[in-house]
$ cat upload_34.csv   # CSV, C-alpha atoms and all ligand atoms
chain,number,residue,atom,x,y,z
A,1,MET,CA,-4.3,2.3,-24.5
A,2,GLN,CA,-6.8,4.3,-22.6
A,3,VAL,CA,-6.3,7.3,-24.9
A,4,LEU,CA,-6.7,5.0,-28.0
A,5,GLN,CA,-10.0,3.6,-26.7
A,6,ALA,CA,-11.4,7.1,-26.1
A,7,ILE,CA,-10.4,8.2,-29.6
A,8,VAL,CA,-12.1,5.1,-31.1
A,9,ARG,CA,-15.2,5.9,-29.2
A,10,CYS,CA,-15.3,9.5,-30.5
A,11,THR,CA,-15.2,8.4,-34.1
A,12,PHE,CA,-18.1,6.0,-33.6
A,13,LYS,CA,-20.4,8.3,-31.8
A,14,SER,CA,-22.6,10.7,-33.7
A,15,GLU,CA,-23.0,13.6,-31.3
A,16,LYS,CA,-19.8,15.4,-31.9
A,17,MET,CA,-20.3,18.3,-29.6
A,18,GLU,CA,-20.4,16.3,-26.4
A,19,GLU,CA,-17.5,14.2,-27.4
A,20,MET,CA,-15.2,17.2,-27.0
A,21,ALA,CA,-16.2,17.2,-23.3
A,22,ASP,CA,-15.3,13.5,-22.7
A,23,THR,CA,-12.3,14.4,-20.6
A,24,MET,CA,-11.4,14.2,-17.0
A,25,ARG,CA,-8.8,15.7,-14.6
A,26,ALA,CA,-6.0,13.3,-13.8
A,27,ALA,CA,-2.5,13.4,-12.4
A,28,VAL,CA,0.1,12.5,-15.1
A,29,LEU,CA,3.7,11.7,-14.3
A,30,HIS,CA,6.0,13.3,-16.8
A,31,GLY,CA,9.4,12.6,-15.1
A,32,LYS,CA,11.3,13.1,-11.9
A,33,GLU,CA,9.2,15.1,-9.5
A,34,ASP,CA,7.2,16.3,-12.5
A,35,LEU,CA,3.6,15.4,-11.8
A,36,ARG,CA,0.8,17.6,-13.4
A,37,VAL,CA,-2.9,17.5,-13.0
A,38,GLU,CA,-4.2,17.8,-16.6
A,39,ASP,CA,-7.3,17.2,-18.8
A,40,VAL,CA,-7.0,13.8,-20.4
A,41,LEU,CA,-9.4,11.7,-22.3
A,42,ARG,CA,-11.8,9.9,-20.0
A,43,PRO,CA,-11.4,6.2,-20.4
A,44,VAL,CA,-14.3,3.9,-21.3
A,45,ALA,CA,-15.0,0.4,-20.1
A,46,GLY,CA,-14.1,-2.2,-22.8
A,47,PRO,CA,-15.2,-5.9,-22.6
A,48,GLY,CA,-14.9,-7.3,-19.1
A,49,GLU,CA,-13.8,-3.9,-17.8
A,50,VAL,CA,-15.5,-1.3,-15.5
A,51,LEU,CA,-15.2,2.4,-15.2
A,52,LEU,CA,-15.1,3.7,-11.6
A,53,ARG,CA,-15.8,7.2,-10.3
A,54,VAL,CA,-12.9,7.6,-7.9
A,55,ASP,CA,-14.3,8.4,-4.5
A,56,VAL,CA,-11.0,8.3,-2.7
A,57,ALA,CA,-7.4,7.6,-3.5
A,58,LEU,CA,-4.7,7.3,-0.9
A,59,THR,CA,-1.1,8.4,-1.0
A,60,CYS,CA,1.5,5.6,-0.7
A,61,GLY,CA,5.3,5.4,-0.1
A,62,THR,CA,5.6,3.5,-3.4
A,63,ASP,CA,4.1,6.5,-5.2
A,64,LEU,CA,6.5,8.8,-3.5
A,65,LYS,CA,9.5,6.6,-4.6
A,66,VAL,CA,8.2,6.6,-8.2
A,67,PHE,CA,7.6,10.4,-8.0
A,68,ARG,CA,11.2,10.9,-6.8
A,69,ARG,CA,12.7,8.6,-9.4
A,70,GLY,CA,10.4,9.4,-12.2
A,71,TYR,CA,9.7,5.8,-13.2
A,72,HIS,CA,9.0,2.3,-11.8
A,73,ALA,CA,10.6,-0.7,-13.5
A,74,LYS,CA,7.4,-2.8,-13.3
A,75,MET,CA,4.5,-0.6,-12.5
A,76,LEU,CA,4.7,2.3,-14.8
A,77,THR,CA,7.0,4.5,-16.9
A,78,ILE,CA,6.8,8.2,-17.8
A,79,ASP,CA,3.8,10.1,-19.2
A,80,ARG,CA,1.4,7.8,-17.3
A,81,LEU,CA,-1.5,8.1,-15.0
A,82,PHE,CA,-0.5,7.7,-11.4
A,83,GLY,CA,-1.6,6.4,-8.0
A,84,HIS,CA,-2.8,2.9,-7.1
A,85,GLU,CA,-4.7,2.9,-3.9
A,86,VAL,CA,-8.3,3.6,-4.7
A,87,ALA,CA,-12.0,2.9,-3.9
A,88,GLY,CA,-14.9,4.0,-6.0
A,89,THR,CA,-18.3,3.5,-7.6
A,90,ILE,CA,-19.0,1.6,-10.8
A,91,ILE,CA,-20.4,4.1,-13.3
A,92,GLU,CA,-19.9,2.0,-16.5
A,93,LEU,CA,-20.0,-1.7,-17.0
A,94,GLY,CA,-18.2,-3.3,-19.9
A,95,GLU,CA,-19.7,-6.1,-22.0
A,96,GLY,CA,-19.8,-9.4,-20.2
A,97,VAL,CA,-19.1,-8.2,-16.7
A,98,LYS,CA,-20.7,-10.5,-14.2
A,99,ASN,CA,-20.9,-10.3,-10.4
A,100,PHE,CA,-20.9,-6.5,-10.5
A,101,ALA,CA,-23.6,-3.9,-11.2
A,102,LEU,CA,-23.8,-0.1,-11.8
A,103,GLY,CA,-23.5,1.8,-8.6
A,104,ASP,CA,-21.6,-0.9,-6.7
A,105,ARG,CA,-19.0,0.5,-4.3
A,106,VAL,CA,-15.8,-1.4,-4.9
A,107,VAL,CA,-12.1,-1.6,-4.1
A,108,PRO,CA,-10.0,-2.8,-7.1
A,109,LEU,CA,-6.4,-4.0,-6.3
A,110,ASN,CA,-3.6,-2.5,-8.3
A,111,SER,CA,-2.7,-5.8,-10.0
A,112,ALA,CA,-3.9,-9.3,-10.9
A,113,PRO,CA,-1.9,-12.4,-11.7
A,114,CYS,CA,-2.4,-14.6,-14.8
A,115,ASP,CA,-2.9,-17.9,-12.8
A,116,ALA,CA,-1.3,-19.8,-15.7
A,117,CYS,CA,2.4,-19.3,-15.3
A,118,PHE,CA,4.9,-21.4,-13.2
A,119,TYR,CA,4.8,-19.0,-10.3
A,120,CYS,CA,1.0,-18.6,-10.2
A,121,LYS,CA,0.6,-22.4,-10.2
A,122,ALA,CA,3.2,-22.7,-7.4
A,123,GLY,CA,1.0,-20.3,-5.2
A,124,GLN,CA,3.4,-17.4,-5.7
A,125,GLN,CA,1.0,-15.1,-7.6
A,126,ASN,CA,2.8,-12.1,-6.3
A,127,LEU,CA,5.8,-13.2,-8.5
A,128,CYS,CA,3.6,-13.9,-11.6
A,129,ASP,CA,5.6,-13.6,-14.9
A,130,ASP,CA,2.7,-11.6,-16.3
A,131,LEU,CA,1.5,-9.6,-13.4
A,132,LEU,CA,-0.9,-7.0,-14.7
A,133,PHE,CA,-0.6,-3.6,-13.0
A,134,ASN,CA,-3.1,-0.7,-13.1
A,135,ASN,CA,-2.5,2.9,-12.2
A,136,GLY,CA,-4.5,6.1,-12.4
A,137,ALA,CA,-6.0,6.5,-8.9
A,138,TYR,CA,-5.3,10.2,-8.8
A,139,ALA,CA,-8.0,11.0,-11.3
A,140,GLU,CA,-11.7,11.6,-11.4
A,141,PHE,CA,-12.3,8.2,-13.1
A,142,ILE,CA,-10.3,5.0,-13.5
A,143,ARG,CA,-10.7,2.1,-15.9
A,144,ILE,CA,-10.3,-1.3,-14.3
A,145,PRO,CA,-8.9,-4.0,-16.6
A,146,ALA,CA,-10.9,-7.2,-17.0
A,147,ARG,CA,-8.4,-9.4,-15.2
A,148,ILE,CA,-8.6,-7.2,-12.1
A,149,VAL,CA,-12.4,-7.0,-12.3
A,150,SER,CA,-12.7,-10.8,-12.4
A,151,LYS,CA,-9.9,-11.7,-9.9
A,152,ASN,CA,-9.1,-8.8,-7.6
A,153,MET,CA,-11.9,-6.4,-7.1
A,154,LEU,CA,-14.0,-6.5,-3.9
A,155,LYS,CA,-17.4,-5.1,-3.1
A,156,ILE,CA,-17.4,-2.7,-0.1
A,157,PRO,CA,-20.1,-3.2,2.5
A,158,GLN,CA,-22.5,-0.3,2.9
A,159,ASP,CA,-21.3,0.7,6.3
A,160,MET,CA,-17.6,0.7,5.3
A,161,PRO,CA,-16.2,4.1,4.3
A,162,PHE,CA,-14.4,4.3,0.9
A,163,ALA,CA,-11.2,5.5,2.6
A,164,HIS,CA,-11.1,2.4,4.9
A,165,ALA,CA,-11.5,0.1,1.9
A,166,ALA,CA,-8.7,1.9,0.0
A,167,LEU,CA,-6.3,0.6,2.7
A,168,THR,CA,-6.7,-2.9,1.2
A,169,GLU,CA,-3.7,-2.7,-1.1
A,170,PRO,CA,-1.0,-1.7,1.4
A,171,LEU,CA,-2.4,-4.0,4.0
A,172,ALA,CA,-2.5,-6.9,1.5
A,173,CYS,CA,1.3,-6.6,1.1
A,174,VAL,CA,1.7,-6.6,4.9
A,175,MET,CA,-0.6,-9.7,5.1
A,176,ARG,CA,1.6,-11.5,2.6
A,177,GLY,CA,4.5,-10.7,4.8
A,178,LEU,CA,2.7,-12.0,7.9
A,179,GLU,CA,1.5,-15.1,6.0
A,180,GLN,CA,5.0,-16.0,4.8
A,181,SER,CA,6.5,-15.5,8.2
A,182,GLU,CA,4.0,-18.1,9.6
A,183,VAL,CA,3.2,-16.0,12.6
A,184,LYS,CA,1.2,-17.4,15.6
A,185,PRO,CA,-0.6,-15.7,18.5
A,186,GLY,CA,1.6,-15.3,21.5
A,187,GLN,CA,4.8,-14.8,19.6
A,188,THR,CA,7.1,-11.9,20.1
A,189,ALA,CA,7.5,-9.7,17.0
A,190,ILE,CA,9.9,-6.9,16.4
A,191,VAL,CA,9.0,-4.3,13.8
A,192,LEU,CA,11.8,-2.1,12.6
A,193,GLY,CA,10.5,1.2,11.2
A,194,ALA,CA,7.3,3.2,11.8
A,195,GLY,CA,6.5,4.6,8.3
A,196,PRO,CA,3.1,3.6,6.9
A,197,ILE,CA,4.2,0.0,6.3
A,198,GLY,CA,5.9,-0.4,9.7
A,199,LEU,CA,2.7,0.9,11.4
A,200,LEU,CA,0.5,-1.5,9.4
A,201,PHE,CA,2.7,-4.3,10.5
A,202,ILE,CA,2.5,-3.2,14.2
A,203,HIS,CA,-1.3,-3.0,14.1
A,204,ALA,CA,-2.0,-6.1,12.0
A,205,ALA,CA,0.4,-8.3,14.1
A,206,THR,CA,-1.1,-7.0,17.3
A,207,LEU,CA,-4.6,-7.8,16.1
A,208,MET,CA,-3.3,-11.3,15.2
A,209,GLY,CA,-2.3,-11.8,18.8
A,210,LEU,CA,1.5,-11.1,18.7
A,211,ASN,CA,3.4,-9.1,21.2
A,212,VAL,CA,5.0,-6.3,19.2
A,213,ILE,CA,8.1,-4.4,20.0
A,214,ALA,CA,8.5,-1.4,17.7
A,215,VAL,CA,11.9,0.1,16.9
A,216,VAL,CA,11.5,3.7,15.7
A,217,LYS,CA,13.5,6.8,14.8
A,218,ARG,CA,11.4,9.8,15.5
A,219,LEU,CA,9.9,11.0,18.8
A,220,ASP,CA,6.4,11.3,17.3
A,221,GLN,CA,6.6,7.7,16.2
A,222,VAL,CA,6.8,6.5,19.8
A,223,ALA,CA,3.2,7.5,20.5
A,224,THR,CA,1.9,6.4,17.2
A,225,ALA,CA,3.4,2.9,17.5
A,226,LYS,CA,1.9,2.6,21.0
A,227,SER,CA,-1.5,3.7,19.9
A,228,LEU,CA,-1.5,1.0,17.2
A,229,GLY,CA,-0.7,-1.7,19.7
A,230,ALA,CA,3.0,-1.9,20.2
A,231,ARG,CA,3.7,-3.1,23.8
A,232,GLN,CA,7.1,-1.6,23.9
A,233,VAL,CA,8.8,1.0,21.8
A,234,VAL,CA,12.6,1.6,21.5
A,235,ARG,CA,13.7,4.9,20.0
A,236,VAL,CA,17.0,4.3,18.3
A,237,SER,CA,18.6,7.6,19.3
A,238,GLU,CA,17.8,7.1,23.0
A,239,VAL,CA,19.8,3.9,23.5
A,240,ASP,CA,23.6,3.1,23.1
A,241,ASP,CA,23.1,-0.3,21.5
A,242,PRO,CA,19.8,-0.7,19.8
A,243,ILE,CA,20.3,-4.5,19.3
A,244,ALA,CA,21.0,-5.1,22.9
A,245,ALA,CA,18.2,-2.8,24.1
A,246,VAL,CA,15.7,-4.5,21.9
A,247,ARG,CA,16.8,-8.1,22.7
A,248,ALA,CA,16.6,-7.2,26.4
A,249,LEU,CA,12.8,-6.7,25.9
A,250,THR,CA,12.2,-10.2,24.4
A,251,PRO,CA,11.4,-13.2,26.7
A,252,GLU,CA,14.6,-14.3,28.5
A,253,GLY,CA,16.5,-11.9,26.2
A,254,ARG,CA,16.6,-14.6,23.5
A,255,GLY,CA,15.5,-12.4,20.7
A,256,ALA,CA,12.2,-12.2,18.8
A,257,ASP,CA,10.4,-15.1,17.2
A,258,VAL,CA,9.9,-12.9,14.1
A,259,VAL,CA,11.4,-9.6,13.0
A,260,PHE,CA,9.9,-7.5,10.2
A,261,GLU,CA,12.3,-5.0,8.6
A,262,ALA,CA,10.4,-2.0,7.2
A,263,VAL,CA,13.1,0.6,6.9
A,264,ALA,CA,14.7,-0.4,3.6
A,265,THR,CA,18.3,0.3,4.6
A,266,PRO,CA,21.3,-2.1,4.8
A,267,GLU,CA,21.7,-1.2,8.5
A,268,ALA,CA,18.2,-2.2,9.3
A,269,TRP,CA,18.6,-5.5,7.4
A,270,GLN,CA,21.7,-6.3,9.5
A,271,TRP,CA,20.0,-5.4,12.7
A,272,ALA,CA,17.0,-7.6,11.9
A,273,VAL,CA,19.2,-10.6,11.7
A,274,GLN,CA,20.8,-9.8,15.1
A,275,MET,CA,17.5,-9.2,16.9
A,276,VAL,CA,15.8,-12.6,16.0
A,277,ARG,CA,16.1,-15.7,18.3
A,278,LYS,CA,17.7,-18.9,17.3
A,279,GLY,CA,15.5,-20.7,14.8
A,280,GLY,CA,13.4,-17.5,14.3
A,281,MET,CA,12.2,-15.7,11.2
A,282,VAL,CA,13.4,-12.5,9.6
A,283,ASN,CA,11.3,-10.9,7.0
A,284,LEU,CA,13.3,-8.3,5.0
A,285,PHE,CA,10.3,-6.4,3.8
A,286,GLY,CA,11.6,-3.0,2.9
A,287,GLY,CA,13.0,-2.7,-0.6
A,288,PRO,CA,16.2,-0.6,-0.8
A,289,PRO,CA,17.2,0.9,-4.2
A,290,ALA,CA,18.6,-1.3,-6.9
A,291,GLY,CA,22.3,-2.1,-6.4
A,292,THR,CA,22.2,-1.8,-2.6
A,293,THR,CA,24.2,-4.5,-0.8
A,294,ALA,CA,24.3,-5.6,2.9
A,295,SER,CA,26.6,-8.0,4.7
A,296,PHE,CA,25.8,-10.6,7.3
A,297,ASP,CA,27.6,-12.7,9.8
A,298,THR,CA,27.4,-16.1,8.1
A,299,ASN,CA,28.2,-18.0,11.3
A,300,LEU,CA,25.3,-16.3,13.1
A,301,ILE,CA,22.8,-17.2,10.4
A,302,HIS,CA,24.1,-20.7,10.0
A,303,TYR,CA,24.6,-21.8,13.7
A,304,SER,CA,21.4,-20.0,14.8
A,305,ASP,CA,19.4,-21.6,12.1
A,306,ILE,CA,17.8,-18.3,11.1
A,307,ASN,CA,15.1,-18.2,8.4
A,308,LEU,CA,15.4,-15.3,6.0
A,309,LYS,CA,12.4,-14.2,4.0
A,310,ALA,CA,11.7,-11.2,1.8
A,311,SER,CA,8.1,-10.7,0.9
A,312,PHE,CA,7.0,-8.6,-2.1
A,313,HIS,CA,3.6,-7.3,-3.1
A,314,HIS,CA,0.4,-9.3,-2.5
A,315,THR,CA,-1.8,-12.2,-3.8
A,316,PRO,CA,-5.6,-12.4,-4.3
A,317,THR,CA,-5.7,-14.4,-1.1
A,318,THR,CA,-3.9,-11.9,1.1
A,319,SER,CA,-5.9,-9.1,-0.5
A,320,ARG,CA,-9.1,-10.7,0.7
A,321,ALA,CA,-7.5,-11.3,4.2
A,322,ALA,CA,-6.6,-7.6,4.4
A,323,PHE,CA,-10.1,-6.6,3.3
A,324,GLU,CA,-11.7,-8.8,5.9
A,325,MET,CA,-9.4,-7.4,8.6
A,326,LEU,CA,-10.3,-3.8,7.6
A,327,ALA,CA,-14.0,-4.6,7.5
A,328,SER,CA,-14.0,-6.4,10.8
A,329,GLY,CA,-14.3,-3.2,12.8
A,330,ARG,CA,-11.2,-4.2,14.8
A,331,PHE,CA,-8.8,-2.4,12.6
A,332,GLU,CA,-8.3,1.3,13.5
A,333,CYS,CA,-8.4,2.6,9.9
A,334,SER,CA,-8.9,6.2,10.8
A,335,LYS,CA,-5.6,6.3,12.7
A,336,PHE,CA,-3.8,5.8,9.3
A,337,LEU,CA,-5.8,8.4,7.5
A,338,THR,CA,-4.2,11.6,8.8
A,339,GLY,CA,-4.6,14.1,5.9
A,340,LYS,CA,-7.1,15.0,3.2
A,341,ALA,CA,-6.6,16.9,-0.1
A,342,GLY,CA,-8.3,17.5,-3.5
A,343,LEU,CA,-7.0,16.2,-6.8
A,344,GLU,CA,-5.4,19.4,-7.9
A,345,GLU,CA,-3.3,19.4,-4.8
A,346,VAL,CA,-1.7,15.9,-5.4
A,347,PRO,CA,1.6,17.3,-6.8
A,348,GLU,CA,1.9,19.6,-3.7
A,349,VAL,CA,1.1,16.8,-1.3
A,350,LEU,CA,3.8,14.5,-2.8
A,351,LYS,CA,6.3,17.3,-2.8
A,352,ARG,CA,5.6,17.9,0.9
A,353,MET,CA,6.0,14.2,1.6
A,354,LEU,CA,9.6,14.3,0.3
A,355,VAL,CA,10.5,16.7,3.1
A,356,ARG,CA,10.5,15.3,6.6
A,357,PRO,CA,8.8,17.7,9.0
A,358,ALA,CA,10.7,19.0,12.0
A,359,GLU,CA,11.2,16.7,15.1
A,360,GLY,CA,8.0,16.7,17.2
A,361,ILE,CA,5.7,17.2,14.2
A,362,ALA,CA,4.2,13.9,13.0
A,363,PRO,CA,4.4,13.4,9.2
A,364,GLU,CA,1.2,12.3,7.4
A,365,ILE,CA,0.8,8.5,7.4
A,366,LYS,CA,-1.7,8.5,4.5
A,367,THR,CA,-3.4,11.4,2.8
A,368,ILE,CA,-6.9,10.9,1.5
A,369,ILE,CA,-7.3,12.3,-2.0
A,370,VAL,CA,-10.9,13.2,-2.9
A,371,PRO,CA,-11.2,14.0,-6.6
A,372,GLN,CA,-15.0,14.4,-6.5
A,373,GLN,CA,-15.4,17.5,-4.3
A,374,SER,CA,-19.2,17.3,-4.1
A,375,GLU,CA,-19.3,13.6,-3.1
A,376,SER,CA,-19.4,12.5,0.5
A,377,VAL,CA,-16.8,9.8,0.9
A,378,GLY,CA,-17.9,8.8,4.4
A,379,VAL,CA,-14.5,9.6,5.8
A,380,GLU,CA,-14.2,9.4,9.6
A,381,GLU,CA,-12.2,12.5,10.3
A,382,SER,CA,-9.3,11.6,12.7
A,383,GLU,CA,-8.2,14.3,15.1
A,384,ARG,CA,-5.3,15.2,12.9
A,385,ALA,CA,-7.2,15.2,9.6
A,386,VAL,CA,-6.7,18.3,7.6
A,387,ALA,CA,-9.7,20.1,6.1
B,401,ZN,ZN,0.6,1.3,-2.1
B,402,ZN,ZN,1.2,-15.9,-13.5
$ encode --input "upload_34.csv" --output "structure tokens" --more "lines below"
Ligand SMILES: [Zn+2]
Ligand SMILES: [Zn+2]
Amino acid sequence: MQVLQAIVRCTFKSEKMEEMADTMRAAVLHGKEDLRVEDVLRPVAGPGEVLLRVDVALTCGTDLKVFRRGYHAKMLTIDRLFGHEVAGTIIELGEGVKNFALGDRVVPLNSAPCDACFYCKAGQQNLCDDLLFNNGAYAEFIRIPARIVSKNMLKIPQDMPFAHAALTEPLACVMRGLEQSEVKPGQTAIVLGAGPIGLLFIHAATLMGLNVIAVVKRLDQVATAKSLGARQVVRVSEVDDPIAAVRALTPEGRGADVVFEAVATPEAWQWAVQMVRKGGMVNLFGGPPAGTTASFDTNLIHYSDINLKASFHHTPTTSRAAFEMLASGRFECSKFLTGKAGLEEVPEVLKRMLVRPAEGIAPEIKTIIVPQQSESVGVEESERAVA
């Protein structure tokens, strides 16, 4: 579609010479672990759309999954532009765009619901039958479809760095999980997993007044989880019985009010159910590969009156909640932004993410991709940020 628009534009313009230069550098996914940064036609903004200069894109676990598998059932297939966490500057306004102007700094979400189907009307826009996805963050420019412009694109305040704003999408998914779990200040929450999503849960739940117990695998994750607010951290390999060890840390040993599973393995799903208190809430947030099954003690779930949830994606409401939390100044964005790289390095960065570093070396949480080398993105360098 983007290519088609660019071709149409070329035929209508008279200055043929410049048209040849209407390209941009972009990462294109060709298949399993086959991502190449290439010259592609630069998109143009159609009616209701905008064209952004990409100031920053962020790496994400979902991109890594897609990179490894070579496809995503809903988001994109092969030979497509890639990357979905992005913040940038409007450099082209399509016909009829209201509420935005050239030069606005914005963060577009990676999807927008139709607001007309059964699910949208039921307040489950994350399950929209016609959810419109947009990819192409790992590029110099990105076209934002009209529906996202009108429903799911937010203006970034002047004092907020692009890289902080780009955390809106992953945090919006986490906010959906928190919203659906009906969390309240003072509750005890267990977070299983300390990858980027687990860490976002730890920090967001802490800021919402919950007492967080983190369950982690790696030694480096103990310090990271604590620095983001976890009151207690249990490292799985250091205890005989992780379930008993974690329950012992909850009030009166009764289990947590809410458990967030962010590991995406059957074992973690099973642990989550055994760590919650009677009448508590389990949110099975991590999505294991298709075909995975897990088994549960039905007696435990029934007689303990356990609530099971599995939140997916985000809604325009949770996107705004995430953005507000990031802009509030309370959210320690820079702790999540641990690396920095140029556009040409994206394939290398993703390849590196597939290999876990040795014990004791912390893996990157999020790498900031800066396609426009000359632009200042206002990134607060964290201590671990790589030049
Ligand atoms: Zn993401
Ligand atoms: Zn819908």
$ residues_near_ligand --input "upload_34.csv" --ligand "ligand ZN 402 (chain B)" --cutoff "7 Å" --atoms "all atoms listed in the file" --output "ChimeraX atom specification"
/A:113-120,125,128-131
$ write_last_selection --input "upload_34.csv" --atoms "C-alpha atoms" --output "PDB file, keeping the file's coordinate frame"
ATOM      1  CA  PRO A 113      -1.900 -12.400 -11.700  1.00  0.00           C
ATOM      2  CA  CYS A 114      -2.400 -14.600 -14.800  1.00  0.00           C
ATOM      3  CA  ASP A 115      -2.900 -17.900 -12.800  1.00  0.00           C
ATOM      4  CA  ALA A 116      -1.300 -19.800 -15.700  1.00  0.00           C
ATOM      5  CA  CYS A 117       2.400 -19.300 -15.300  1.00  0.00           C
ATOM      6  CA  PHE A 118       4.900 -21.400 -13.200  1.00  0.00           C
ATOM      7  CA  TYR A 119       4.800 -19.000 -10.300  1.00  0.00           C
ATOM      8  CA  CYS A 120       1.000 -18.600 -10.200  1.00  0.00           C
ATOM      9  CA  GLN A 125       1.000 -15.100  -7.600  1.00  0.00           C
ATOM     10  CA  CYS A 128       3.600 -13.900 -11.600  1.00  0.00           C
ATOM     11  CA  ASP A 129       5.600 -13.600 -14.900  1.00  0.00           C
ATOM     12  CA  ASP A 130       2.700 -11.600 -16.300  1.00  0.00           C
ATOM     13  CA  LEU A 131       1.500  -9.600 -13.400  1.00  0.00           C
TER      14      LEU A 131
END
$ closest_residue --input "upload_34.csv" --among "A:Ala362, A:Ala172, A:Leu192, A:Val50" --to "Glu95 in chain A" --atoms "only C-alpha atoms"
A:Val50
$ residues_near_ligand --input "upload_34.csv" --ligand "ligand ZN 401 (chain B)" --cutoff "9 Å" --atoms "all atoms listed in the file" --output "ChimeraX atom specification"
/A:58-63,83-85,110,167,169-171,173
$ write_last_selection --input "upload_34.csv" --atoms "C-alpha atoms" --output "PDB file, in the coordinates of the input"
ATOM      1  CA  LEU A  58      -4.700   7.300  -0.900  1.00  0.00           C
ATOM      2  CA  THR A  59      -1.100   8.400  -1.000  1.00  0.00           C
ATOM      3  CA  CYS A  60       1.500   5.600  -0.700  1.00  0.00           C
ATOM      4  CA  GLY A  61       5.300   5.400  -0.100  1.00  0.00           C
ATOM      5  CA  THR A  62       5.600   3.500  -3.400  1.00  0.00           C
ATOM      6  CA  ASP A  63       4.100   6.500  -5.200  1.00  0.00           C
ATOM      7  CA  GLY A  83      -1.600   6.400  -8.000  1.00  0.00           C
ATOM      8  CA  HIS A  84      -2.800   2.900  -7.100  1.00  0.00           C
ATOM      9  CA  GLU A  85      -4.700   2.900  -3.900  1.00  0.00           C
ATOM     10  CA  ASN A 110      -3.600  -2.500  -8.300  1.00  0.00           C
ATOM     11  CA  LEU A 167      -6.300   0.600   2.700  1.00  0.00           C
ATOM     12  CA  GLU A 169      -3.700  -2.700  -1.100  1.00  0.00           C
ATOM     13  CA  PRO A 170      -1.000  -1.700   1.400  1.00  0.00           C
ATOM     14  CA  LEU A 171      -2.400  -4.000   4.000  1.00  0.00           C
ATOM     15  CA  CYS A 173       1.300  -6.600   1.100  1.00  0.00           C
TER      16      CYS A 173
END
$ residues_near_point --input "upload_34.csv" --point "(-18.2, -3.5, -22.1)" --cutoff "10 Å" --atoms "only C-alpha atoms" --output "PyMOL selection string"
chain A and resi 44-51+92-97+146
$ residues_around --input "upload_34.csv" --residues "Ala256 in chain A" --least-positions-apart "2" --cutoff "10 Å" --atoms "all atoms listed in the file" --output "ChimeraX atom specification"
/A:187-191,211-213,246-247,249-251,253-254,258-259,272,274-282
$ decode --input "upload_34.csv" --residues "range 196-234 of chain A" --atoms "C-alpha atoms" --output "mmCIF file, in the first residue's frame"
data_model
loop_
_atom_site.group_PDB
_atom_site.id
_atom_site.type_symbol
_atom_site.label_atom_id
_atom_site.label_comp_id
_atom_site.auth_asym_id
_atom_site.auth_seq_id
_atom_site.Cartn_x
_atom_site.Cartn_y
_atom_site.Cartn_z
ATOM 1 C CA PRO A 196 10.756 -5.716 29.870
ATOM 2 C CA ILE A 197 7.058 -6.460 30.520
ATOM 3 C CA GLY A 198 7.603 -7.895 34.024
ATOM 4 C CA LEU A 199 9.688 -4.844 34.915
ATOM 5 C CA LEU A 200 6.980 -2.480 33.601
ATOM 6 C CA PHE A 201 4.455 -4.325 35.799
ATOM 7 C CA ILE A 202 6.732 -4.044 38.846
ATOM 8 C CA HIS A 203 7.229 -0.300 38.370
ATOM 9 C CA ALA A 204 3.658 0.633 37.380
ATOM 10 C CA ALA A 205 2.093 -1.447 40.185
ATOM 11 C CA THR A 206 4.477 0.132 42.690
ATOM 12 C CA LEU A 207 3.526 3.632 41.500
ATOM 13 C CA MET A 208 -0.136 2.651 41.912
ATOM 14 C CA GLY A 209 0.520 1.865 45.572
ATOM 15 C CA LEU A 210 0.787 -1.923 45.503
ATOM 16 C CA ASN A 211 3.358 -3.890 47.474
ATOM 17 C CA VAL A 212 5.222 -5.865 44.847
ATOM 18 C CA ILE A 213 7.021 -9.175 45.281
ATOM 19 C CA ALA A 214 9.092 -9.984 42.186
ATOM 20 C CA VAL A 215 9.974 -13.534 41.164
ATOM 21 C CA VAL A 216 13.042 -13.557 38.904
ATOM 22 C CA LYS A 217 15.443 -15.975 37.290
ATOM 23 C CA ARG A 218 18.736 -14.129 36.790
ATOM 24 C CA LEU A 219 20.984 -12.569 39.391
ATOM 25 C CA ASP A 220 21.108 -9.193 37.598
ATOM 26 C CA GLN A 221 17.283 -9.062 37.688
ATOM 27 C CA VAL A 222 17.299 -8.969 41.501
ATOM 28 C CA ALA A 223 18.842 -5.486 41.566
ATOM 29 C CA THR A 224 16.818 -4.249 38.588
ATOM 30 C CA ALA A 225 13.508 -5.379 40.128
ATOM 31 C CA LYS A 226 14.407 -3.696 43.435
ATOM 32 C CA SER A 227 15.444 -0.454 41.761
ATOM 33 C CA LEU A 228 12.038 -0.302 40.056
ATOM 34 C CA GLY A 229 10.159 -0.666 43.317
ATOM 35 C CA ALA A 230 9.839 -4.356 44.222
ATOM 36 C CA ARG A 231 9.798 -4.646 48.040
ATOM 37 C CA GLN A 232 10.986 -8.236 47.958
ATOM 38 C CA VAL A 233 12.613 -10.311 45.254
ATOM 39 C CA VAL A 234 12.766 -14.098 45.109
#
